[in-house]
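The file final_2.pdb comes next; it holds PDB, C-alpha atoms and all ligand atoms.
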```pdb
MODEL        1
ATOM      1  CA  MET A 198       7.233   1.608 -29.984
ATOM      2  CA  PRO A 199       6.702  -1.201 -27.453
ATOM      3  CA  LEU A 200       6.158  -0.298 -23.800
ATOM      4  CA  VAL A 201       6.580  -2.995 -21.147
ATOM      5  CA  ASP A 202       5.102  -2.517 -17.667
ATOM      6  CA  VAL A 203       7.244  -4.847 -15.548
ATOM      7  CA  HIS A 204       5.225  -4.260 -12.375
ATOM      8  CA  ALA A 205       1.488  -4.815 -12.820
ATOM      9  CA  HIS A 206      -1.144  -6.483 -10.642
ATOM     10  CA  PHE A 207      -4.529  -7.972 -11.376
ATOM     11  CA  LEU A 208      -7.336  -9.061  -9.062
ATOM     12  CA  TYR A 209      -9.669 -12.055  -9.208
ATOM     13  CA  ALA A 210     -12.864 -13.279  -7.601
ATOM     14  CA  GLU A 211     -11.216 -14.585  -4.398
ATOM     15  CA  CYS A 212      -9.732 -11.203  -3.425
ATOM     16  CA  GLY A 213     -12.908 -10.199  -1.607
ATOM     17  CA  ARG A 214     -13.657  -7.195  -3.786
ATOM     18  CA  ALA A 215     -16.891  -6.977  -5.710
ATOM     19  CA  ASP A 216     -15.282  -4.664  -8.265
ATOM     20  CA  TRP A 217     -12.328  -6.922  -9.115
ATOM     21  CA  ALA A 218     -13.283  -7.347 -12.780
ATOM     22  CA  GLU A 219     -13.772  -3.603 -13.207
ATOM     23  CA  VAL A 220     -10.330  -2.907 -11.682
ATOM     24  CA  ASN A 221      -8.743  -5.337 -14.144
ATOM     25  CA  ALA A 222     -10.618  -3.791 -17.059
ATOM     26  CA  ALA A 223      -9.513  -0.317 -15.931
ATOM     27  CA  ARG A 224      -5.861  -1.440 -16.000
ATOM     28  CA  MET A 225      -6.221  -2.782 -19.510
ATOM     29  CA  ARG A 226      -7.988   0.412 -20.631
ATOM     30  CA  ALA A 227      -5.415   2.717 -19.046
ATOM     31  CA  GLY A 228      -2.635   0.544 -20.441
ATOM     32  CA  ALA A 229      -4.048   0.819 -23.953
ATOM     33  CA  THR A 230      -4.284   4.611 -23.599
ATOM     34  CA  MET A 231      -0.703   4.859 -22.319
ATOM     35  CA  GLY A 232       0.599   2.567 -25.036
ATOM     36  CA  ILE A 233       1.534  -0.372 -22.809
ATOM     37  CA  THR A 234       2.049  -3.331 -25.102
ATOM     38  CA  CYS A 235       2.920  -5.858 -22.386
ATOM     39  CA  HIS A 236       1.818  -5.994 -18.733
ATOM     40  CA  ILE A 237       4.017  -8.313 -16.645
ATOM     41  CA  ALA A 238       1.711  -8.932 -13.711
ATOM     42  CA  SER A 239       1.292 -10.845 -10.491
ATOM     43  CA  ILE A 240      -1.467 -11.713  -8.048
ATOM     44  CA  LEU A 241      -0.331 -11.854  -4.412
ATOM     45  CA  GLY A 242      -2.469 -14.707  -3.087
ATOM     46  CA  SER A 243      -5.847 -13.267  -2.076
ATOM     47  CA  PHE A 244      -4.364  -9.775  -1.438
ATOM     48  CA  GLY A 245      -5.074 -10.175   2.258
ATOM     49  CA  PHE A 246      -8.642 -11.475   2.068
ATOM     50  CA  THR A 247      -8.050 -15.050   3.265
ATOM     51  CA  SER A 248      -4.330 -14.896   4.195
ATOM     52  CA  PRO A 249      -1.918 -11.953   4.603
ATOM     53  CA  THR A 250      -0.837 -10.203   1.407
ATOM     54  CA  TYR A 251       2.853 -10.574   2.243
ATOM     55  CA  PHE A 252       2.544 -14.004   3.876
ATOM     56  CA  PRO A 253       0.050 -15.766   1.650
ATOM     57  CA  SER A 254      -0.938 -19.361   2.397
ATOM     58  CA  PRO A 255       0.155 -21.990  -0.140
ATOM     59  CA  ALA A 256      -3.490 -22.470  -1.153
ATOM     60  CA  ASP A 257      -3.907 -18.735  -1.813
ATOM     61  CA  VAL A 258      -0.614 -18.570  -3.711
ATOM     62  CA  THR A 259      -1.761 -21.404  -5.974
ATOM     63  CA  ALA A 260      -5.211 -19.867  -6.487
ATOM     64  CA  GLY A 261      -3.698 -16.469  -7.326
ATOM     65  CA  ASN A 262      -1.240 -18.006  -9.783
ATOM     66  CA  ASP A 263      -4.071 -20.003 -11.364
ATOM     67  CA  ALA A 264      -6.063 -16.804 -11.846
ATOM     68  CA  MET A 265      -2.984 -15.121 -13.333
ATOM     69  CA  LEU A 266      -2.404 -18.050 -15.721
ATOM     70  CA  ALA A 267      -6.012 -17.707 -16.877
ATOM     71  CA  ILE A 268      -5.617 -13.964 -17.494
ATOM     72  CA  CYS A 269      -2.441 -14.622 -19.518
ATOM     73  CA  GLU A 270      -4.298 -17.135 -21.641
ATOM     74  CA  ARG A 271      -7.170 -14.713 -22.259
ATOM     75  CA  GLU A 272      -4.910 -11.714 -22.954
ATOM     76  CA  ALA A 273      -2.103 -13.619 -24.642
ATOM     77  CA  THR A 274      -0.952 -10.702 -26.764
ATOM     78  CA  HIS A 275      -0.690  -8.175 -23.909
ATOM     79  CA  VAL A 276      -0.146  -9.957 -20.577
ATOM     80  CA  ARG A 277       2.671 -12.025 -19.089
ATOM     81  CA  MET A 278       3.023 -13.153 -15.486
ATOM     82  CA  TYR A 279       5.282 -13.654 -12.521
ATOM     83  CA  ALA A 280       4.916 -16.843 -10.504
ATOM     84  CA  THR A 281       4.169 -15.500  -7.020
ATOM     85  CA  VAL A 282       5.798 -17.472  -4.203
ATOM     86  CA  ASN A 283       6.044 -17.315  -0.418
ATOM     87  CA  PRO A 284       9.668 -18.256   0.349
ATOM     88  CA  ASN A 285       8.711 -19.718   3.735
ATOM     89  CA  TYR A 286       7.261 -22.779   1.975
ATOM     90  CA  THR A 287      10.263 -23.934  -0.029
ATOM     91  CA  GLU A 288       8.805 -27.043  -1.699
ATOM     92  CA  HIS A 289       5.583 -25.287  -2.583
ATOM     93  CA  ALA A 290       7.459 -22.247  -3.905
ATOM     94  CA  LEU A 291       9.740 -24.336  -6.137
ATOM     95  CA  GLY A 292       6.757 -26.330  -7.366
ATOM     96  CA  GLU A 293       4.827 -23.166  -8.237
ATOM     97  CA  ILE A 294       7.788 -21.773 -10.160
ATOM     98  CA  GLU A 295       8.041 -24.954 -12.246
ATOM     99  CA  ARG A 296       4.280 -25.201 -12.756
ATOM    100  CA  CYS A 297       3.836 -21.554 -13.739
ATOM    101  CA  ALA A 298       6.962 -21.508 -15.935
ATOM    102  CA  ALA A 299       5.508 -24.463 -17.827
ATOM    103  CA  GLY A 300       2.366 -22.347 -18.263
ATOM    104  CA  GLY A 301       4.351 -19.406 -19.615
ATOM    105  CA  ALA A 302       5.383 -17.384 -16.536
ATOM    106  CA  VAL A 303       8.359 -15.146 -17.342
ATOM    107  CA  GLY A 304       9.491 -14.184 -13.813
ATOM    108  CA  VAL A 305       9.191 -14.785 -10.083
ATOM    109  CA  LYS A 306       7.476 -12.422  -7.641
ATOM    110  CA  LEU A 307       8.716 -12.894  -4.091
ATOM    111  CA  ALA A 308       6.260 -12.163  -1.311
ATOM    112  CA  ALA A 309       7.891  -9.825   1.215
ATOM    113  CA  SER A 310       7.720 -12.379   4.003
ATOM    114  CA  ARG A 311      11.472 -12.860   4.399
ATOM    115  CA  ARG A 312      14.241 -10.300   4.287
ATOM    116  CA  ALA A 313      15.932 -10.362   0.890
ATOM    117  CA  ASP A 314      19.210 -11.736   2.224
ATOM    118  CA  ASP A 315      17.541 -14.657   4.079
ATOM    119  CA  ALA A 316      18.884 -18.117   3.209
ATOM    120  CA  LEU A 317      15.324 -19.277   2.448
ATOM    121  CA  LEU A 318      15.516 -17.253  -0.748
ATOM    122  CA  ASP A 319      18.542 -19.148  -2.085
ATOM    123  CA  PRO A 320      16.815 -22.218  -3.586
ATOM    124  CA  ILE A 321      14.265 -19.931  -5.253
ATOM    125  CA  CYS A 322      16.917 -17.666  -6.764
ATOM    126  CA  SER A 323      18.941 -20.667  -7.977
ATOM    127  CA  LEU A 324      15.920 -22.134  -9.732
ATOM    128  CA  ALA A 325      15.054 -18.725 -11.171
ATOM    129  CA  ALA A 326      18.534 -18.536 -12.726
ATOM    130  CA  GLU A 327      18.194 -22.041 -14.149
ATOM    131  CA  ARG A 328      14.837 -21.202 -15.734
ATOM    132  CA  ARG A 329      15.999 -17.712 -16.792
ATOM    133  CA  LEU A 330      13.291 -15.981 -14.713
ATOM    134  CA  PRO A 331      14.012 -12.508 -13.282
ATOM    135  CA  VAL A 332      13.022 -12.097  -9.619
ATOM    136  CA  LEU A 333      10.910  -9.056  -8.673
ATOM    137  CA  HIS A 334      11.483  -8.170  -5.032
ATOM    138  CA  HIS A 335       9.317  -5.762  -3.022
ATOM    139  CA  ILE A 336      11.574  -3.110  -1.458
ATOM    140  CA  TRP A 337      11.154  -0.272   0.992
ATOM    141  CA  GLN A 338      13.602   2.482   0.084
ATOM    142  CA  HIS A 339      15.805   2.569   3.170
ATOM    143  CA  ARG A 340      14.159   0.624   5.962
ATOM    144  CA  THR A 341      14.248   2.606   9.196
ATOM    145  CA  ARG A 342      11.924   0.429  11.278
ATOM    146  CA  GLU A 343      10.010  -2.848  11.166
ATOM    147  CA  TRP A 344       6.737  -2.895   9.217
ATOM    148  CA  PRO A 345       3.758  -4.854  10.516
ATOM    149  CA  SER A 346       2.896  -8.096   8.724
ATOM    150  CA  GLN A 347       5.908  -8.183   6.465
ATOM    151  CA  GLU A 348       9.659  -8.596   6.666
ATOM    152  CA  ILE A 349      10.549  -5.644   4.571
ATOM    153  CA  SER A 350      13.847  -5.385   2.695
ATOM    154  CA  ASP A 351      15.810  -2.474   1.356
ATOM    155  CA  GLY A 352      18.400  -2.153  -1.383
ATOM    156  CA  THR A 353      21.241  -3.217   0.898
ATOM    157  CA  ASP A 354      19.535  -6.535   1.663
ATOM    158  CA  LEU A 355      18.772  -7.140  -2.003
ATOM    159  CA  ALA A 356      22.351  -6.340  -3.003
ATOM    160  CA  ARG A 357      23.574  -9.090  -0.664
ATOM    161  CA  LEU A 358      21.199 -11.581  -2.278
ATOM    162  CA  ALA A 359      22.223 -10.481  -5.775
ATOM    163  CA  GLN A 360      25.873 -10.955  -4.915
ATOM    164  CA  ARG A 361      25.158 -14.526  -3.824
ATOM    165  CA  HIS A 362      23.312 -15.164  -7.119
ATOM    166  CA  PRO A 363      25.282 -13.441  -9.868
ATOM    167  CA  ARG A 364      23.486 -15.444 -12.600
ATOM    168  CA  THR A 365      20.017 -14.323 -11.479
ATOM    169  CA  TRP A 366      18.405 -11.076 -12.620
ATOM    170  CA  PHE A 367      16.716  -9.108  -9.858
ATOM    171  CA  ILE A 368      14.273  -6.242 -10.194
ATOM    172  CA  LEU A 369      14.155  -3.874  -7.237
ATOM    173  CA  ALA A 370      10.499  -2.933  -7.040
ATOM    174  CA  HIS A 371       9.137   0.612  -7.200
ATOM    175  CA  ILE A 372      11.820   3.245  -6.596
ATOM    176  CA  GLY A 373       8.809   5.576  -6.326
ATOM    177  CA  GLY A 374       7.294   3.311  -3.676
ATOM    178  CA  GLY A 375       8.145   5.308  -0.596
ATOM    179  CA  GLY A 376      11.212   6.131   1.414
ATOM    180  CA  ASP A 377      14.656   7.259   0.389
ATOM    181  CA  TYR A 378      15.291   6.141  -3.182
ATOM    182  CA  GLN A 379      18.756   7.704  -3.140
ATOM    183  CA  HIS A 380      19.630   5.073  -0.544
ATOM    184  CA  SER A 381      18.558   2.373  -2.997
ATOM    185  CA  PHE A 382      20.531   3.820  -5.892
ATOM    186  CA  HIS A 383      23.773   3.710  -3.950
ATOM    187  CA  ALA A 384      23.019   0.403  -2.222
ATOM    188  CA  ILE A 385      22.672  -1.440  -5.523
ATOM    189  CA  SER A 386      25.057   0.502  -7.750
ATOM    190  CA  GLY A 387      27.722  -2.209  -7.352
ATOM    191  CA  ALA A 388      25.346  -5.115  -8.075
ATOM    192  CA  PRO A 389      25.096  -5.265 -11.875
ATOM    193  CA  ASN A 390      22.383  -7.950 -11.858
ATOM    194  CA  ILE A 391      19.839  -5.668 -10.139
ATOM    195  CA  MET A 392      17.501  -3.607 -12.319
ATOM    196  CA  LEU A 393      15.461  -0.705 -10.907
ATOM    197  CA  ASP A 394      11.757  -0.465 -11.668
ATOM    198  CA  ILE A 395      10.438   3.116 -11.677
ATOM    199  CA  SER A 396       6.914   2.273 -10.499
ATOM    200  CA  GLY A 397       5.228   3.536  -7.339
ATOM    201  CA  SER A 398       3.364   6.693  -6.445
ATOM    202  CA  GLY A 399       6.448   8.895  -6.006
ATOM    203  CA  VAL A 400       7.069  11.319  -8.874
ATOM    204  CA  ASP A 401       9.689  13.632  -7.349
ATOM    205  CA  ARG A 402      11.620  15.796  -9.767
ATOM    206  CA  GLY A 403      15.144  14.426  -9.754
ATOM    207  CA  MET A 404      14.262  10.797  -8.977
ATOM    208  CA  LEU A 405      14.752   9.544 -12.523
ATOM    209  CA  ASP A 406      17.818  11.730 -13.018
ATOM    210  CA  GLY A 407      19.375  10.255  -9.879
ATOM    211  CA  ALA A 408      18.662   6.715 -11.007
ATOM    212  CA  VAL A 409      20.190   7.322 -14.432
ATOM    213  CA  ARG A 410      23.277   8.969 -12.952
ATOM    214  CA  CYS A 411      23.809   6.223 -10.403
ATOM    215  CA  VAL A 412      23.168   2.997 -12.343
ATOM    216  CA  GLY A 413      22.779   4.098 -15.981
ATOM    217  CA  ALA A 414      19.812   3.779 -18.333
ATOM    218  CA  GLN A 415      20.510   0.127 -19.084
ATOM    219  CA  ARG A 416      19.561  -0.903 -15.539
ATOM    220  CA  ILE A 417      16.216   0.920 -15.401
ATOM    221  CA  VAL A 418      12.875  -0.578 -16.415
ATOM    222  CA  PHE A 419       9.436   1.020 -16.773
ATOM    223  CA  GLY A 420       6.643  -0.082 -14.440
ATOM    224  CA  THR A 421       3.485   1.276 -12.818
ATOM    225  CA  ASP A 422       2.419  -0.992  -9.884
ATOM    226  CA  VAL A 423      -1.076   0.012  -8.694
ATOM    227  CA  THR A 424      -0.782   3.721  -9.534
ATOM    228  CA  MET A 425      -0.810   3.833 -13.307
ATOM    229  CA  GLU A 426      -1.171   7.618 -13.406
ATOM    230  CA  THR A 427       2.197   8.113 -11.726
ATOM    231  CA  GLY A 428       3.660   5.566 -14.128
ATOM    232  CA  LEU A 429       2.422   7.764 -16.954
ATOM    233  CA  ALA A 430       3.900  10.867 -15.284
ATOM    234  CA  LYS A 431       7.313   9.216 -15.116
ATOM    235  CA  LEU A 432       7.063   7.929 -18.664
ATOM    236  CA  ARG A 433       6.528  11.498 -19.825
ATOM    237  CA  ALA A 434       9.268  12.756 -17.517
ATOM    238  CA  LEU A 435      11.948  10.527 -19.075
ATOM    239  CA  ASP A 436      12.552  13.187 -21.716
ATOM    240  CA  ALA A 437      12.727  15.935 -19.077
ATOM    241  CA  THR A 438      15.891  14.517 -17.515
ATOM    242  CA  GLY A 439      17.897  15.610 -20.532
ATOM    243  CA  LEU A 440      20.215  12.709 -19.745
ATOM    244  CA  LEU A 441      18.809  10.083 -22.075
ATOM    245  CA  SER A 442      19.508   9.371 -25.723
ATOM    246  CA  ALA A 443      16.671   8.065 -27.886
ATOM    247  CA  ARG A 444      18.199   4.618 -27.532
ATOM    248  CA  ASP A 445      18.313   4.951 -23.709
ATOM    249  CA  THR A 446      14.618   5.871 -23.601
ATOM    250  CA  GLU A 447      13.843   2.877 -25.792
ATOM    251  CA  ASP A 448      15.824   0.677 -23.394
ATOM    252  CA  ILE A 449      13.860   1.918 -20.368
ATOM    253  CA  ARG A 450      10.526   1.579 -22.193
ATOM    254  CA  TRP A 451      11.137  -1.996 -23.301
ATOM    255  CA  GLY A 452      14.661  -2.881 -24.457
ATOM    256  CA  ASN A 453      16.028  -3.679 -21.002
ATOM    257  CA  ALA A 454      12.945  -5.734 -20.160
ATOM    258  CA  ALA A 455      13.344  -7.671 -23.403
ATOM    259  CA  ARG A 456      16.974  -8.355 -22.490
ATOM    260  CA  VAL A 457      16.363  -9.706 -18.978
ATOM    261  CA  PHE A 458      13.017 -11.474 -19.540
ATOM    262  CA  GLY A 459      13.861 -12.618 -23.077
ATOM    263  CA  ALA A 460      12.397 -10.857 -26.125
ATOM    264  CA  ASP A 461      10.971 -14.170 -27.290
ATOM    265  CA  ARG A 462       9.057 -14.701 -24.066
ATOM    266  CA  LEU A 463       7.557 -11.216 -24.259
ATOM    267  CA  GLY A 464       6.494 -11.794 -27.856
ATOM    268  CA  MET A 465       9.001  -9.180 -29.053
ATOM    269  CA  ALA A 466      11.628 -11.228 -30.840
ATOM    270  CA  GLY A 467      12.970  -9.297 -33.798
ATOM    271  CA  ILE A 468      11.398  -5.934 -32.891
ATOM    272  CA  GLY A 469      13.880  -3.098 -33.372
ATOM    273  CA  GLY A 470      16.540  -5.628 -34.341
ATOM    274  CA  ARG A 471      16.701  -7.061 -30.783
TER     275      ARG A 471
HETATM  276 ZN    ZN B 501       3.430  -4.273  -6.580
ENDMDL
END
```

Kindly return the structure encoded in the file as structure tokens.
Ligand SMILES: [Zn+2]
Amino acid sequence: MPLVDVHAHFLYAECGRADWAEVNAARMRAGATMGITCHIASILGSFGFTSPTYFPSPADVTAGNDAMLAICEREATHVRMYATVNPNYTEHALGEIERCAAGGAVGVKLAASRRADDALLDPICSLAAERRLPVLHHIWQHRTREWPSQEISDGTDLARLAQRHPRTWFILAHIGGGGDYQHSFHAISGAPNIMLDISGSGVDRGMLDGAVRCVGAQRIVFGTDVTMETGLAKLRALDATGLLSARDTEDIRWGNAARVFGADRLGMAGIGGR
């Protein structure tokens, strides 16, 4: 059965880490062991090496997207990409979305440099809808203070953006990524165009159950982010909720991703009759 990881990251030579190639190889190895058939990945500029991770310079955004395009070409059967953009540079961001979409990008990854309900995100979300590209947005689960070097959003902010852009799919990043995920579940329950990705290091018992109860299995997508082992734990835990039919589990593993990204774009057209 296919397994789509909607929240993956790769590194490249300009990230300032000597072991970047080994980290990438480890992701591919772990993915193969877990049964991941498609990694949908992004590179956030230089990951802080030459400009801030969450406020990457246009040059770093372009270089990171170039590196991601090259990885997609090399791993064409297993890897797809998000076009990473910094919404503070509108023209550059729109240009990167068009350029990367032409190269096969299937989504948009927004750097967390503007709150999700900021007007600077509107042109990006409109273009994403036009090009049928889901937008992955980095979220802190219930923001209780400001975070250095980023303008962090929570589910409430994202819900406002989603309501302004009902034709755009949004993916709320990593419900296991820290903070109060129950806040997120309720904040987005009335925004049907927001999907929840289950990535992040949190593996609390009850987290998946709460997500299923609040938004239903058809709005949940599998992902790992940088901690693949906790992604595996949650994959195995899907059965433990006792709330999911076989079809629901299939939807979380890949069916929902195929629906919002397009089965054709993920190389899955026709699988399982979808
Ligand atoms: Zn991430």

inquiry  = Since I can't run it myself right now, could you work out what the PyMOL selection byres (((chain A and resi 411) around 10) and not hetatm) selects here and report it as number ranges by chain?
reply    = A: 379, 381-383, 385-387, 405-410, 412-414, 416

If I wrap all listed atoms of range 419-438 of chain A in a box with edges along x, y and z and add 5 Å on each side, what are its centre and edge lengths in Å to one decimal, as lines of an AutoDock Vina configuration file?
```
center_x = 7.4
center_y = 7.5
center_z = -15.2
size_x = 27.1
size_y = 26.9
size_z = 23.0
```

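Here CA of Asp461 in chain A stands at a distance of 14.0 Å from CA of Ile237 in chain A.
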
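Applied to the file shown here, the PyMOL selection byres (((chain A and resi 251) around 9) and not hetatm) selects the residues Leu241, Gly242, Phe244, Gly245, Ser248, Pro249, Thr250, Phe252, Pro253, Asn283, Leu307, Ala308, Ala309, Ser310, Ser346, Gln347 and Glu348 of chain A.
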
So that I can check the surroundings of Val457 in chain A, please list as a tab-separated table (two decimals) with C-alpha atoms, keeping the file's coordinate frame every protein, DNA and RNA residue that reaches within 10 Å of it, counting all atoms listed in the file and ignoring chain neighbours fewer than 4 positions away.
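part-v1.tsv was written with the following content:
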```tsv
chain	number	residue	atom	x	y	z
A	303	VAL	CA	8.36	-15.15	-17.34
A	304	GLY	CA	9.49	-14.18	-13.81
A	329	ARG	CA	16.00	-17.71	-16.79
A	330	LEU	CA	13.29	-15.98	-14.71
A	331	PRO	CA	14.01	-12.51	-13.28
A	365	THR	CA	20.02	-14.32	-11.48
A	366	TRP	CA	18.40	-11.08	-12.62
A	367	PHE	CA	16.72	-9.11	-9.86
A	368	ILE	CA	14.27	-6.24	-10.19
A	390	ASN	CA	22.38	-7.95	-11.86
A	392	MET	CA	17.50	-3.61	-12.32
A	416	ARG	CA	19.56	-0.90	-15.54
A	452	GLY	CA	14.66	-2.88	-24.46
A	453	ASN	CA	16.03	-3.68	-21.00
```

inquiry  = Can you measure CA of Ala384 in chain A to CA of Ala313 in chain A for me? One decimal in Å is fine.
reply    = 13.3 Å

message = Env of Met265 in chain A: 7 Å cut, atoms = all atoms listed in the file, seq-sep filter 4 positions within chain, self excluded. Answer as JSON, numbers by chain.
response = {"A": [239, 240, 261, 269, 278]}

request  = Go through the shown structure with the PyMOL selection byres (((not hetatm)) within 7 of (chain B and resi 501)) and write out the matching residues as a PyMOL selection string.
outcome  = chain A and resi 204-206+422-423

task = Go ahead and find all residues with at least one atom no further than 7 Å from (9.8, 6.9, -7.3) in the file's coordinates, using all atoms listed in the file; report them as a PyMOL selection string.
result = chain A and resi 371-374+378+395-401+404

ask   = Using only C-alpha atoms, which of the listed residues (A:Glu211, A:Ala227, A:His335, A:Ile321) sits closest to Leu429 in chain A?
value = A:Ala227

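Remark: for Val418 in chain A, the closest of the candidate residues A:Arg444, A:Arg456, A:Arg450, A:Arg402 is A:Arg450 (distances computed over all atoms listed in the file).
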
task = Enter the distance from CA of Arg342 in chain A to CA of Arg312 in chain A, in Å, rounded to one decimal.
result = 13.0 Å

ask   = Could you pull the residues within 10 Å of Ile468 in chain A, counting all atoms listed in the file, minus those fewer than 2 positions along the same chain, as a list in words?
value = Met198, Pro199, Gly452, Ala455, Ala460, Asp461, Gly464, Met465, Ala466, Gly470 and Arg471 of chain A

request  = Skip Ala218 in chain A itself and residues of its chain fewer than 6 positions away, then list as a list in words all residues within 12 Å of it, counting all atoms listed in the file.
outcome  = Phe207, Leu208, Tyr209, Ala210, Glu211, Cys212, Arg224, Met225, Ala264 and Ile268 of chain A

message = Using only C-alpha atoms for the distances, tell me which of A:Ala260, A:Val305, A:Ile349, A:Val332 is nearest to Leu393 in chain A.
response = A:Val332

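Residue nearest Phe419 in chain A, chosen from A:Val201, A:Val276, A:Leu333, A:Ala326 and counting all atoms listed in the file: A:Val201.
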
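In this comparison, which uses all atoms listed in the file, the residue of A:Arg364, A:Arg328, A:Arg277, A:His289 approaching Ala302 in chain A most closely is A:Arg277.
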
request  = Can you work out which one of A:Thr247, A:Thr274, A:Thr281, A:Asn221 has the shortest atom-to-atom distance to Asn262 in chain A, counting all atoms listed in the file?
outcome  = A:Thr281
